[in-house]
Amino acid sequence: MSSVLHPAAPGQDPFTAPSHHGDTVETAAGPEGPVSSLGRISATYRPISSHLAITPPVSVVIPAMNEAENLPYVFKTLPAWIHEVVLVDGNSSDNTVQVARELWPDVKVVKQVGKGKGDALISGFAACTGDIIVMVDADGSADGHEIVSYVSALVSGADFAKGSRFANGGGTDDMTPIRKFGNWVLCAIVNAKFGARYTDLCYGYNAFWKHCLDKVTLDCTGFEIETLMNIRVVKAGLRVQEVPSHEYLRIHGVSNLSAVRDGLRVLKVIVKEKGVRRSARRHAWAAPSLRIPRGEAS
């Protein structure tokens, strides 16, 4: 990976900071920006905190329909260093778009043509210009401060950073026992059929390098898109790393998720996808990343 997450000491020139190989990368101003002595163009330097800095631009995709009351809680946790926010509006009847623009003036609004979360995400991905794409729900259940953990996993070598509520350090305030059991069963089926090692399956807080979209076809419109992505990144041989994440309760409104209906749709996706033979499993799994405590990276 050419993009790295590296220490950013106060007052240090980010373009002469030590590289991940332990060498100093000297830079000079060129027509396209600072050019390193290693021969590559350095991207915009984005300080995350007094200890971390990042170069790849990060796009955050938020599918939303009538989430005006929840957006203030969502946007206040988003890091200031992200490259762009892409809000996919599912033809909201409230002032979702207006609130988003007030909270994040540069927000990119995409009007959803079709229906369903999958359709919204696909539209949002197409509008992203960042090298890294992060999926965040609009109901306030996801903590934007965790984005740094996902990005850390990606710049450390993973292709796909999979959020997990059941990995060590994760948790959930919003799952009934029946939903937990259903998620466990579906996860076990995917692991057995595709050679995955997931601890969580039906969770929408994920991140990935944009180039993964060239290797993974997305062709479903509902909540099952999350499961489809999880399966196809494994089938494509992409490097997956789980990131511990905590899911909070929806703040306002009622979820459109139906445990039975959407569970059956997820099962249909799993059954439809062809399994991966043991001899053809080429994926590599990284160790779980360290979870940044809530509120420490902003």
# chains A, B, ... in the order shown; residues from 1 in each chain; ligands from 1
$ select_by_dssp --residues "segment 91-259 of chain A" --states "helix (DSSP H, G or I)" --output "VMD selection string"
chain A and resid 96 to 103 117 to 127 144 to 155 177 to 194 210 to 214 225 to 235 259
$ closest_atom_pairs --of "segment 37-75 of chain A" --to "segment 148-171 of chain A" --cutoff "10 Å" --atoms "only C-alpha atoms" --output "tab-separated table"
residue	atom	partner	partner_atom	distance
A:Ile48	CA	A:Val148	CA	8.0
A:Leu52	CA	A:Val148	CA	9.5
A:Ile54	CA	A:Val155	CA	8.7
A:Thr55	CA	A:Val155	CA	9.5
A:Pro56	CA	A:Val155	CA	8.5
A:Val58	CA	A:Val151	CA	8.3
$ closest_residue --among "A:Glu247, A:Asp131, A:Asp119, A:Glu242" --to "Glu224 of chain A" --atoms "only C-alpha atoms"
A:Asp119
$ atom_distance --atom1 "atom CA of His246 of chain A" --atom2 "atom CA of Ser49 of chain A"
21.5 Å
$ closest_residue --among "A:Val190, A:Ile62, A:Val99, A:Leu213" --to "Gly144 of chain A" --atoms "only C-alpha atoms"
A:Ile62
$ closest_residue --among "A:Met65, A:Val74, A:Val266, A:Ala142" --to "Val110 of chain A" --atoms "only C-alpha atoms"
A:Met65
